[in-house]
Amino acid sequence: MNPYRLSVFTVSFFSMLVLFACRHKENAAATIADSPGEMQIKSTRLIENYLQQLLSPHQKELDSILPLHQPHLINELYIDNAYEPLWCKKQAWLPIGDSLIAFINTAKNYGLFPTEYHQAFIDTVRQQFAKDTLATSFKKEVRLWAKADIYLTDAFITISHHLKLGRLPIDSISLKKDSILPATFYKDLYALVKKNANIKAAFENLEPTHPGYKALKAAIPSFLAGYDAKEYTFVPTKTDSLKFVKALQRRLYEGGYIAYTNNLPDSITLAASIAKFQKQMGIGVDGRAGESTVRALNSSDKEKFYRIAISLDRYKSLPDTMPVKYIWVNAASNWMYVQDGAATVLTSKVICGKPKTRTPVLTSNIKELITYPQWVPPPSIVLKEILPALKRNPGYLAKKGFSLETWGGKKMDPYSVNWAKFSKSVPYKIVQGSSDGNALGVMKFVFDNKYSVYLHDTNQRYLFTSNNRSLSHGCVRVQEWDRLARYIVSIDSIATRGSKYTPTDSLTNWLAIKKKKSIPVKTPLTVFIRYITAEGKNGKVIFYEDVYEEDKWIREMYFKHS
């Protein structure tokens, strides 16, 4: 993102000011063309001059060219074309130039922001050209054609990058080798566009093919059709209860959830209007203005569109080719899907991490199933929850079904330990034995990761009825654990015919006799755990609460100039 991106109004004003107020800085004869042929020659010279000045190490600032995203890549494209314009020719737009301008103006349908691609300047110039039918003034301005061509090239490169890789930083789980597209990528893409004259198809070919991406993108037109640009009253936190209620009342009135009155509403009326809002937003209906409800009240359509753009970009961090079979967990929606080709073969509610103990974003492969597993709490839970309880009462372990062992396996009496002397670590292993009351339930799905998290059953299955399921310590509790386990065993047995495998009746038997058993998984089944707060469902955009406030952080870091 260019840190010097200007507002639309500023760009338009500055551009036209430069074009006409600063003419004395450029040779008028060199920037006026009396014929289409002369325009082609002069615009070529001016494009080369602009770019050489822009890339010069001694050039502090070129006041007649606005900041560009990728000046070096722009120059690479023009070098191959001997600096002739790429999008216009002889005082007329080329078809690919018209197509690129049209794409910029509809960029929101792709989760992009037209203002990122010099829309204001290009539209202003285009409108002036359209009015100037006799080519007596604007169409003779070489500077307008040259600058518009350069800006369109910058837009072409930036849009390509945004559609292919997105704007988010590439991280360790992205599985993409490169975070920067080489100049050859843009050159080949331009050659393809020039040959086929179909820039829309070329751009769309860069996008992810993930079904989640397609569904969200397909829902954008519906969202934009009902886009509300209205500014609403901001509801503050409850530091001042009177101020809070007044702002809440006004915001509910602005949204049509409560009738106007000069007096503060009574508690019943207020609760009913809040419930009406909650129901419409698809959040938990309790008639109370809690944190999640206030966040929803303060979420404008503008902010929602940022979340759409961020969610689309998250899909762009996925591999270009997804596995045929994989497990998809969305920690924002608290749902899991098992994908087999184009079919979703299993859907399940899940419980993911609380904001303070979030479920990490990761990619790994299921390598083992364990029936009636033991649970060894990770150090974070031991230090934050178990150790304080032990300091109060060493009998806590027995009450919760835990045993205390040395790391060599020797049983320890918790009453024999001076728990008060520990604060940063505990030199013992705390184990919860196999049982129906085990925190992991009766099934654990193991995959390698540095966070010590996994998928598992739970002994608190009633929590799946909750609308807010961000409740765990970071692991993912799966409601349909039995169906998931049988699916994994079935595909493993099919893939390893002729070898030893675990039939489903063996799995049924081990569960029936409550036996702890390790089941190795020989067929790789990838688990993708992601955090996506906007999804497409039945042609509509569904928003989930940004419980980890990742969208807020990304918005401030990477989209603040959009």
# chains A, B, ... in the order shown; residues from 1 in each chain; ligands from 1

$ select_by_dssp --residues "stretch 361-431 of chain A" --states "helix (DSSP H, G or I)" --output "ChimeraX atom specification"
/A:379-392,396-399,414-416,419-421

$ write_last_selection --atoms "N, CA, C and O atoms" --output "compact mmCIF listing (two decimals), in the first residue's frame"
# COMPACT_ATOMS: atom_id res chain seq x y z
N PRO A 379 1.52 -26.22 29.04
CA PRO A 379 2.07 -25.35 30.09
C PRO A 379 1.25 -24.10 30.35
O PRO A 379 1.15 -23.65 31.50
N SER A 380 0.66 -23.52 29.29
CA SER A 380 -0.11 -22.29 29.49
C SER A 380 -1.29 -22.51 30.41
O SER A 380 -1.58 -21.68 31.29
N ILE A 381 -1.99 -23.64 30.25
CA ILE A 381 -3.15 -23.94 31.11
C ILE A 381 -2.68 -24.32 32.51
O ILE A 381 -3.29 -23.93 33.52
N VAL A 382 -1.57 -25.05 32.59
CA VAL A 382 -1.03 -25.43 33.91
C VAL A 382 -0.70 -24.19 34.73
O VAL A 382 -1.07 -24.08 35.90
N LEU A 383 -0.02 -23.23 34.11
CA LEU A 383 0.41 -22.04 34.84
C LEU A 383 -0.73 -21.09 35.16
O LEU A 383 -0.79 -20.52 36.26
N LYS A 384 -1.65 -20.91 34.22
CA LYS A 384 -2.70 -19.92 34.41
C LYS A 384 -3.89 -20.43 35.21
O LYS A 384 -4.55 -19.65 35.90
N GLU A 385 -4.16 -21.74 35.14
CA GLU A 385 -5.38 -22.25 35.77
C GLU A 385 -5.13 -23.31 36.84
O GLU A 385 -5.67 -23.23 37.95
N ILE A 386 -4.31 -24.32 36.52
CA ILE A 386 -4.15 -25.44 37.44
C ILE A 386 -3.26 -25.09 38.62
O ILE A 386 -3.58 -25.42 39.77
N LEU A 387 -2.12 -24.41 38.36
CA LEU A 387 -1.20 -24.08 39.45
C LEU A 387 -1.87 -23.19 40.51
O LEU A 387 -1.73 -23.48 41.71
N PRO A 388 -2.58 -22.12 40.14
CA PRO A 388 -3.26 -21.33 41.18
C PRO A 388 -4.23 -22.17 42.01
O PRO A 388 -4.35 -21.98 43.23
N ALA A 389 -4.93 -23.12 41.37
CA ALA A 389 -5.86 -23.99 42.10
C ALA A 389 -5.11 -24.92 43.04
O ALA A 389 -5.58 -25.19 44.16
N LEU A 390 -3.95 -25.43 42.60
CA LEU A 390 -3.16 -26.31 43.45
C LEU A 390 -2.60 -25.58 44.67
O LEU A 390 -2.46 -26.16 45.75
N LYS A 391 -2.27 -24.32 44.48
CA LYS A 391 -1.76 -23.53 45.62
C LYS A 391 -2.84 -23.36 46.68
O LYS A 391 -2.55 -23.29 47.88
N ARG A 392 -4.10 -23.32 46.24
CA ARG A 392 -5.21 -23.20 47.19
C ARG A 392 -5.57 -24.54 47.81
O ARG A 392 -5.88 -24.63 49.00
N TYR A 396 -7.28 -30.53 44.32
CA TYR A 396 -7.91 -30.11 43.04
C TYR A 396 -7.70 -31.17 41.97
O TYR A 396 -8.61 -31.44 41.17
N LEU A 397 -6.50 -31.78 41.93
CA LEU A 397 -6.20 -32.75 40.87
C LEU A 397 -7.14 -33.95 40.93
O LEU A 397 -7.70 -34.37 39.92
N ALA A 398 -7.31 -34.53 42.11
CA ALA A 398 -8.18 -35.69 42.26
C ALA A 398 -9.62 -35.34 41.91
O ALA A 398 -10.34 -36.12 41.28
N LYS A 399 -10.04 -34.14 42.31
CA LYS A 399 -11.41 -33.70 42.04
C LYS A 399 -11.68 -33.62 40.55
O LYS A 399 -12.79 -33.92 40.09
N PRO A 414 0.27 -35.05 45.18
CA PRO A 414 0.25 -33.57 45.09
C PRO A 414 0.39 -32.88 46.44
O PRO A 414 0.82 -31.73 46.49
N TYR A 415 0.04 -33.58 47.52
CA TYR A 415 0.18 -32.97 48.86
C TYR A 415 1.63 -32.94 49.32
O TYR A 415 1.98 -32.23 50.28
N SER A 416 2.50 -33.69 48.64
CA SER A 416 3.92 -33.72 49.03
C SER A 416 4.72 -32.62 48.35
O SER A 416 5.92 -32.47 48.60
N TRP A 419 3.77 -26.27 46.32
CA TRP A 419 3.34 -25.58 45.11
C TRP A 419 3.62 -24.08 45.15
O TRP A 419 3.73 -23.44 44.10
N ALA A 420 3.78 -23.52 46.33
CA ALA A 420 3.99 -22.07 46.46
C ALA A 420 5.30 -21.60 45.83
O ALA A 420 5.43 -20.44 45.46
N LYS A 421 6.25 -22.51 45.69
CA LYS A 421 7.56 -22.08 45.16
C LYS A 421 7.60 -22.03 43.63
O LYS A 421 8.58 -21.59 43.05

$ closest_atom_pairs --of "stretch 267-304 of chain A" --to "stretch 228-234 of chain A" --cutoff "10 Å" --atoms "only C-alpha atoms" --output "CSV"
residue,atom,partner,partner_atom,distance
A:Val294,CA,A:Phe234,CA,9.1
A:Arg295,CA,A:Phe234,CA,9.8
A:Leu297,CA,A:Phe234,CA,7.9
A:Asn298,CA,A:Phe234,CA,5.9
A:Ser299,CA,A:Tyr232,CA,9.2
A:Ser300,CA,A:Tyr232,CA,7.6
A:Asp301,CA,A:Asp228,CA,5.9
A:Lys302,CA,A:Ala229,CA,7.0

$ residues_around --residues "stretch 93-110 of chain A" --least-positions-apart "5" --cutoff "7 Å" --atoms "only C-alpha atoms" --output "PDB file with C-alpha atoms, in the first residue's frame"
ATOM      1  CA  TRP A  87      -3.515   1.661 -23.490  1.00  0.00           C
ATOM      2  CA  CYS A  88      -4.070   4.388 -26.061  1.00  0.00           C
ATOM      3  CA  TYR A 117      -6.003   2.563  -9.135  1.00  0.00           C
ATOM      4  CA  GLN A 119      -9.736   6.251 -10.719  1.00  0.00           C
ATOM      5  CA  LYS A 194      -3.171  -7.519 -25.825  1.00  0.00           C
ATOM      6  CA  ALA A 197      -8.417  -8.167 -25.787  1.00  0.00           C
ATOM      7  CA  ILE A 199      -8.762  -8.049 -19.616  1.00  0.00           C
ATOM      8  CA  LYS A 200     -11.668  -9.167 -17.430  1.00  0.00           C
ATOM      9  CA  LYS A 217     -17.244 -12.905  -4.345  1.00  0.00           C
ATOM     10  CA  ILE A 220     -20.690  -8.941  -3.262  1.00  0.00           C
ATOM     11  CA  PRO A 221     -23.135  -7.491  -5.856  1.00  0.00           C
TER      12      PRO A 221
END

$ residues_around --residues "stretch 402-404 of chain A" --least-positions-apart "5" --cutoff "8 Å" --atoms "only C-alpha atoms" --output "number ranges by chain"
A: 397, 411-414, 428-433

$ residues_around --residues "A:Leu525" --least-positions-apart "3" --cutoff "6 Å" --atoms "only C-alpha atoms" --output "list in words"
Tyr326, Asn365 and Ile366 of chain A

$ write_last_selection --atoms "C-alpha atoms" --output "mmCIF file, in the first residue's frame"
data_model
loop_
_atom_site.group_PDB
_atom_site.id
_atom_site.type_symbol
_atom_site.label_atom_id
_atom_site.label_comp_id
_atom_site.auth_asym_id
_atom_site.auth_seq_id
_atom_site.Cartn_x
_atom_site.Cartn_y
_atom_site.Cartn_z
ATOM 1 C CA TYR A 326 -9.247 -31.751 3.173
ATOM 2 C CA ASN A 365 -1.973 -33.244 8.138
ATOM 3 C CA ILE A 366 -3.945 -35.647 10.337
#

$ closest_residue --among "A:Lys515, A:Asp505, A:Asn468, A:Leu312" --to "A:Ala219" --atoms "only C-alpha atoms"
A:Leu312

$ atom_distance --atom1 "atom CA of A:Lys164" --atom2 "atom CA of A:Arg126"
27.9 Å

$ residues_around --residues "stretch 37-49 of chain A" --least-positions-apart "4" --cutoff "12 Å" --atoms "only C-alpha atoms" --output "MDAnalysis selection string"
chainID A and resid 26:33 53:56 62 64:65 74:93 135 139:151 153

$ write_last_selection --atoms "N, CA and C atoms" --output "short mmCIF file (atom, residue, chain, number, x, y, z; two decimals), in the first residue's frame"
data_model
loop_
_atom_site.label_atom_id
_atom_site.label_comp_id
_atom_site.auth_asym_id
_atom_site.auth_seq_id
_atom_site.Cartn_x
_atom_site.Cartn_y
_atom_site.Cartn_z
N GLU A 26 7.10 22.92 -18.35
CA GLU A 26 7.27 22.02 -19.47
C GLU A 26 7.14 22.83 -20.77
N ASN A 27 7.79 22.34 -21.79
CA ASN A 27 7.77 23.01 -23.09
C ASN A 27 6.41 22.79 -23.73
N ALA A 28 5.66 23.88 -23.92
CA ALA A 28 4.30 23.79 -24.46
C ALA A 28 4.29 23.13 -25.83
N ALA A 29 5.25 23.44 -26.66
CA ALA A 29 5.30 22.87 -28.01
C ALA A 29 5.47 21.35 -27.96
N ALA A 30 6.18 20.89 -26.93
CA ALA A 30 6.42 19.45 -26.80
C ALA A 30 5.23 18.71 -26.25
N THR A 31 4.27 19.44 -25.68
CA THR A 31 3.13 18.77 -25.03
C THR A 31 1.81 19.04 -25.72
N ILE A 32 1.86 19.58 -26.91
CA ILE A 32 0.65 19.75 -27.72
C ILE A 32 0.86 19.00 -29.04
N ALA A 33 -0.12 18.18 -29.42
CA ALA A 33 -0.02 17.42 -30.67
C ALA A 33 -1.14 17.85 -31.61
N GLN A 53 12.90 10.26 -15.23
CA GLN A 53 12.98 11.21 -14.12
C GLN A 53 12.53 10.56 -12.81
N LEU A 54 11.47 9.79 -12.90
CA LEU A 54 10.92 9.16 -11.70
C LEU A 54 11.89 8.16 -11.10
N LEU A 55 12.63 7.45 -11.95
CA LEU A 55 13.54 6.40 -11.47
C LEU A 55 14.95 6.91 -11.23
N SER A 56 15.19 8.17 -11.54
CA SER A 56 16.53 8.73 -11.34
C SER A 56 16.86 8.80 -9.86
N LEU A 62 8.93 14.20 -8.45
CA LEU A 62 8.46 14.62 -9.77
C LEU A 62 7.05 15.16 -9.58
N SER A 64 4.80 16.40 -11.38
CA SER A 64 3.73 16.24 -12.35
C SER A 64 3.25 14.79 -12.47
N ILE A 65 3.80 13.89 -11.64
CA ILE A 65 3.35 12.50 -11.61
C ILE A 65 3.04 12.15 -10.16
N ILE A 74 6.62 -0.78 -13.94
CA ILE A 74 6.01 0.02 -15.02
C ILE A 74 7.04 0.26 -16.11
N ASN A 75 8.23 0.64 -15.71
CA ASN A 75 9.29 0.91 -16.68
C ASN A 75 9.63 -0.33 -17.49
N GLU A 76 9.63 -1.50 -16.84
CA GLU A 76 9.92 -2.76 -17.53
C GLU A 76 8.91 -3.00 -18.66
N LEU A 77 7.65 -2.76 -18.39
CA LEU A 77 6.63 -2.97 -19.42
C LEU A 77 6.81 -2.01 -20.59
N TYR A 78 7.16 -0.76 -20.29
CA TYR A 78 7.32 0.23 -21.37
C TYR A 78 8.60 -0.01 -22.17
N ILE A 79 9.64 -0.52 -21.54
CA ILE A 79 10.88 -0.81 -22.27
C ILE A 79 10.59 -1.80 -23.39
N ASP A 80 9.79 -2.84 -23.08
CA ASP A 80 9.46 -3.84 -24.10
C ASP A 80 8.61 -3.27 -25.22
N ASN A 81 7.98 -2.15 -24.97
CA ASN A 81 7.12 -1.53 -25.98
C ASN A 81 7.75 -0.25 -26.55
N ALA A 82 9.08 -0.12 -26.33
CA ALA A 82 9.82 1.06 -26.81
C ALA A 82 9.17 2.36 -26.32
N TYR A 83 8.57 2.29 -25.12
CA TYR A 83 7.94 3.43 -24.42
C TYR A 83 6.71 3.98 -25.13
N GLU A 84 6.22 3.25 -26.13
CA GLU A 84 4.96 3.68 -26.74
C GLU A 84 3.82 3.42 -25.76
N PRO A 85 2.75 4.21 -25.82
CA PRO A 85 1.61 4.00 -24.91
C PRO A 85 1.07 2.57 -25.02
N LEU A 86 0.65 2.03 -23.88
CA LEU A 86 0.13 0.66 -23.84
C LEU A 86 -1.39 0.60 -23.96
N TRP A 87 -2.05 1.70 -23.61
CA TRP A 87 -3.51 1.66 -23.49
C TRP A 87 -4.23 2.64 -24.43
N CYS A 88 -3.48 3.45 -25.12
CA CYS A 88 -4.07 4.39 -26.06
C CYS A 88 -3.16 4.51 -27.29
N LYS A 89 -3.70 5.06 -28.36
CA LYS A 89 -2.93 5.22 -29.59
C LYS A 89 -3.53 6.33 -30.43
N LYS A 90 -2.70 7.30 -30.77
CA LYS A 90 -3.09 8.37 -31.69
C LYS A 90 -4.41 9.05 -31.28
N GLN A 91 -4.43 9.56 -30.07
CA GLN A 91 -5.57 10.34 -29.56
C GLN A 91 -6.86 9.50 -29.42
N ALA A 92 -6.70 8.21 -29.14
CA ALA A 92 -7.87 7.35 -28.92
C ALA A 92 -7.50 6.22 -27.97
N TRP A 93 -8.46 5.80 -27.17
CA TRP A 93 -8.23 4.66 -26.28
C TRP A 93 -8.24 3.37 -27.11
N ALA A 135 -11.49 17.80 -30.72
CA ALA A 135 -10.05 17.66 -30.46
C ALA A 135 -9.33 18.99 -30.59
N LYS A 139 -7.80 16.90 -26.05
CA LYS A 139 -7.29 15.75 -26.77
C LYS A 139 -5.94 16.01 -27.41
N LYS A 140 -5.54 17.28 -27.49
CA LYS A 140 -4.22 17.60 -28.03
C LYS A 140 -3.15 17.61 -26.94
N GLU A 141 -3.57 17.52 -25.67
CA GLU A 141 -2.63 17.58 -24.55
C GLU A 141 -1.88 16.26 -24.43
N VAL A 142 -0.64 16.27 -24.83
CA VAL A 142 0.18 15.05 -24.76
C VAL A 142 0.32 14.58 -23.32
N ARG A 143 0.44 15.54 -22.40
CA ARG A 143 0.64 15.18 -20.98
C ARG A 143 -0.53 14.37 -20.45
N LEU A 144 -1.75 14.72 -20.86
CA LEU A 144 -2.92 13.98 -20.37
C LEU A 144 -2.87 12.53 -20.83
N TRP A 145 -2.57 12.31 -22.12
CA TRP A 145 -2.50 10.95 -22.63
C TRP A 145 -1.35 10.17 -22.00
N ALA A 146 -0.19 10.80 -21.87
CA ALA A 146 0.98 10.12 -21.33
C ALA A 146 0.76 9.73 -19.87
N LYS A 147 0.24 10.70 -19.09
CA LYS A 147 0.03 10.41 -17.67
C LYS A 147 -1.08 9.38 -17.47
N ALA A 148 -2.14 9.50 -18.22
CA ALA A 148 -3.22 8.52 -18.10
C ALA A 148 -2.72 7.13 -18.44
N ASP A 149 -1.85 7.02 -19.44
CA ASP A 149 -1.32 5.72 -19.84
C ASP A 149 -0.44 5.13 -18.74
N ILE A 150 0.40 5.98 -18.15
CA ILE A 150 1.25 5.51 -17.05
C ILE A 150 0.41 5.07 -15.87
N TYR A 151 -0.62 5.85 -15.52
CA TYR A 151 -1.47 5.49 -14.39
C TYR A 151 -2.22 4.19 -14.65
N THR A 153 -1.13 1.75 -16.50
CA THR A 153 -0.16 0.67 -16.37
C THR A 153 0.08 0.35 -14.90
#

$ residues_around --residues "stretch 203-206 of chain A" --least-positions-apart "4" --cutoff "10 Å" --atoms "only C-alpha atoms" --output "ChimeraX atom specification"
/A:103,110,156,159-165,189,193,198-199,316,320

$ select_by_dssp --residues "stretch 498-541 of chain A" --states "strand (DSSP E)" --output "ChimeraX atom specification"
/A:517-530,534-537,540-541

$ write_last_selection --atoms "C-alpha atoms" --output "PDB file, in the first residue's frame"
ATOM      1  CA  LYS A 517      -6.107 -46.977  21.122  1.00  0.00           C
ATOM      2  CA  SER A 518      -3.790 -45.176  18.716  1.00  0.00           C
ATOM      3  CA  ILE A 519      -4.859 -45.401  15.073  1.00  0.00           C
ATOM      4  CA  PRO A 520      -2.173 -44.269  12.605  1.00  0.00           C
ATOM      5  CA  VAL A 521      -3.472 -42.434   9.543  1.00  0.00           C
ATOM      6  CA  LYS A 522      -1.543 -43.414   6.426  1.00  0.00           C
ATOM      7  CA  THR A 523      -3.423 -41.320   3.877  1.00  0.00           C
ATOM      8  CA  PRO A 524      -2.581 -37.608   4.238  1.00  0.00           C
ATOM      9  CA  LEU A 525      -5.650 -35.524   5.060  1.00  0.00           C
ATOM     10  CA  THR A 526      -4.816 -31.852   5.322  1.00  0.00           C
ATOM     11  CA  VAL A 527      -6.339 -29.641   7.992  1.00  0.00           C
ATOM     12  CA  PHE A 528      -6.691 -25.944   7.166  1.00  0.00           C
ATOM     13  CA  ILE A 529      -7.574 -23.794  10.164  1.00  0.00           C
ATOM     14  CA  ARG A 530      -8.332 -20.252   9.052  1.00  0.00           C
ATOM     15  CA  ALA A 534     -17.132 -12.781   5.942  1.00  0.00           C
ATOM     16  CA  GLU A 535     -18.569 -15.679   3.949  1.00  0.00           C
ATOM     17  CA  GLY A 536     -20.961 -16.036   1.030  1.00  0.00           C
ATOM     18  CA  LYS A 537     -24.104 -18.040   1.772  1.00  0.00           C
ATOM     19  CA  LYS A 540     -25.665 -13.135   0.606  1.00  0.00           C
ATOM     20  CA  VAL A 541     -22.670 -12.026   2.667  1.00  0.00           C
TER      21      VAL A 541
END

$ atom_distance --atom1 "atom CA of A:Phe113" --atom2 "atom CA of A:Gly282"
27.3 Å

$ closest_residue --among "A:Thr321, A:Gln52, A:Ser562, A:Ser472" --to "A:Gly353" --atoms "only C-alpha atoms"
A:Ser472

$ atom_distance --atom1 "atom CA of A:Pro373" --atom2 "atom CA of A:Ser434"
5.4 Å

$ decode --residues "stretch 105-114 of chain A" --atoms "all heavy atoms" --output "mmCIF file, in the first residue's frame"
data_model
loop_
_atom_site.group_PDB
_atom_site.id
_atom_site.type_symbol
_atom_site.label_atom_id
_atom_site.label_comp_id
_atom_site.auth_asym_id
_atom_site.auth_seq_id
_atom_site.Cartn_x
_atom_site.Cartn_y
_atom_site.Cartn_z
ATOM 1 N N ASN A 105 -13.581 0.762 -12.647
ATOM 2 C CA ASN A 105 -14.832 1.338 -12.147
ATOM 3 C C ASN A 105 -15.747 0.297 -11.507
ATOM 4 O O ASN A 105 -16.678 0.655 -10.776
ATOM 5 C CB ASN A 105 -15.564 2.053 -13.284
ATOM 6 C CG ASN A 105 -14.863 3.338 -13.690
ATOM 7 O OD1 ASN A 105 -14.215 3.988 -12.872
ATOM 8 N ND2 ASN A 105 -14.975 3.708 -14.952
ATOM 9 N N THR A 106 -15.494 -0.990 -11.762
ATOM 10 C CA THR A 106 -16.299 -2.060 -11.142
ATOM 11 C C THR A 106 -15.457 -2.906 -10.180
ATOM 12 O O THR A 106 -15.834 -4.025 -9.828
ATOM 13 C CB THR A 106 -16.913 -2.973 -12.214
ATOM 14 O OG1 THR A 106 -15.860 -3.563 -12.996
ATOM 15 C CG2 THR A 106 -17.836 -2.193 -13.135
ATOM 16 N N ALA A 107 -14.330 -2.352 -9.753
ATOM 17 C CA ALA A 107 -13.379 -3.123 -8.937
ATOM 18 C C ALA A 107 -13.972 -3.608 -7.620
ATOM 19 O O ALA A 107 -13.535 -4.623 -7.067
ATOM 20 C CB ALA A 107 -12.124 -2.286 -8.667
ATOM 21 N N LYS A 108 -14.984 -2.907 -7.101
ATOM 22 C CA LYS A 108 -15.569 -3.328 -5.825
ATOM 23 C C LYS A 108 -16.195 -4.719 -5.912
ATOM 24 O O LYS A 108 -16.299 -5.417 -4.900
ATOM 25 C CB LYS A 108 -16.605 -2.309 -5.351
ATOM 26 C CG LYS A 108 -15.998 -1.094 -4.657
ATOM 27 C CD LYS A 108 -17.026 -0.354 -3.839
ATOM 28 C CE LYS A 108 -16.363 0.659 -2.915
ATOM 29 N NZ LYS A 108 -17.344 1.308 -2.011
ATOM 30 N N ASN A 109 -16.624 -5.119 -7.097
ATOM 31 C CA ASN A 109 -17.183 -6.458 -7.259
ATOM 32 C C ASN A 109 -16.147 -7.550 -7.030
ATOM 33 O O ASN A 109 -16.497 -8.732 -6.919
ATOM 34 C CB ASN A 109 -17.787 -6.620 -8.654
ATOM 35 C CG ASN A 109 -19.071 -5.837 -8.827
ATOM 36 O OD1 ASN A 109 -19.866 -5.722 -7.904
ATOM 37 N ND2 ASN A 109 -19.269 -5.280 -10.005
ATOM 38 N N TYR A 110 -14.882 -7.169 -6.959
ATOM 39 C CA TYR A 110 -13.785 -8.106 -6.720
ATOM 40 C C TYR A 110 -13.159 -7.887 -5.337
ATOM 41 O O TYR A 110 -12.089 -8.426 -5.055
ATOM 42 C CB TYR A 110 -12.718 -7.959 -7.810
ATOM 43 C CG TYR A 110 -13.236 -8.279 -9.193
ATOM 44 C CD1 TYR A 110 -13.989 -7.349 -9.912
ATOM 45 C CD2 TYR A 110 -12.998 -9.525 -9.780
ATOM 46 C CE1 TYR A 110 -14.486 -7.646 -11.180
ATOM 47 C CE2 TYR A 110 -13.489 -9.821 -11.048
ATOM 48 C CZ TYR A 110 -14.235 -8.879 -11.734
ATOM 49 O OH TYR A 110 -14.720 -9.188 -12.979
ATOM 50 N N GLY A 111 -13.836 -7.094 -4.515
ATOM 51 C CA GLY A 111 -13.287 -6.794 -3.195
ATOM 52 C C GLY A 111 -12.112 -5.840 -3.261
ATOM 53 O O GLY A 111 -11.277 -5.802 -2.361
ATOM 54 N N LEU A 112 -12.043 -5.048 -4.330
ATOM 55 C CA LEU A 112 -10.965 -4.078 -4.524
ATOM 56 C C LEU A 112 -11.520 -2.666 -4.386
ATOM 57 O O LEU A 112 -12.728 -2.451 -4.398
ATOM 58 C CB LEU A 112 -10.323 -4.267 -5.901
ATOM 59 C CG LEU A 112 -9.806 -5.671 -6.226
ATOM 60 C CD1 LEU A 112 -9.240 -5.713 -7.643
ATOM 61 C CD2 LEU A 112 -8.750 -6.124 -5.215
ATOM 62 N N PHE A 113 -10.610 -1.704 -4.306
ATOM 63 C CA PHE A 113 -10.994 -0.313 -4.104
ATOM 64 C C PHE A 113 -10.564 0.514 -5.313
ATOM 65 O O PHE A 113 -9.361 0.693 -5.558
ATOM 66 C CB PHE A 113 -10.338 0.241 -2.830
ATOM 67 C CG PHE A 113 -10.734 -0.491 -1.588
ATOM 68 C CD1 PHE A 113 -10.071 -1.651 -1.205
ATOM 69 C CD2 PHE A 113 -11.773 -0.030 -0.791
ATOM 70 C CE1 PHE A 113 -10.440 -2.335 -0.060
ATOM 71 C CE2 PHE A 113 -12.152 -0.705 0.354
ATOM 72 C CZ PHE A 113 -11.487 -1.865 0.720
ATOM 73 N N PRO A 114 -11.518 1.036 -6.099
ATOM 74 C CA PRO A 114 -11.173 1.812 -7.301
ATOM 75 C C PRO A 114 -10.212 2.961 -7.036
ATOM 76 O O PRO A 114 -9.390 3.301 -7.893
ATOM 77 C CB PRO A 114 -12.536 2.332 -7.782
ATOM 78 C CG PRO A 114 -13.520 1.316 -7.290
ATOM 79 C CD PRO A 114 -12.987 0.878 -5.953
#
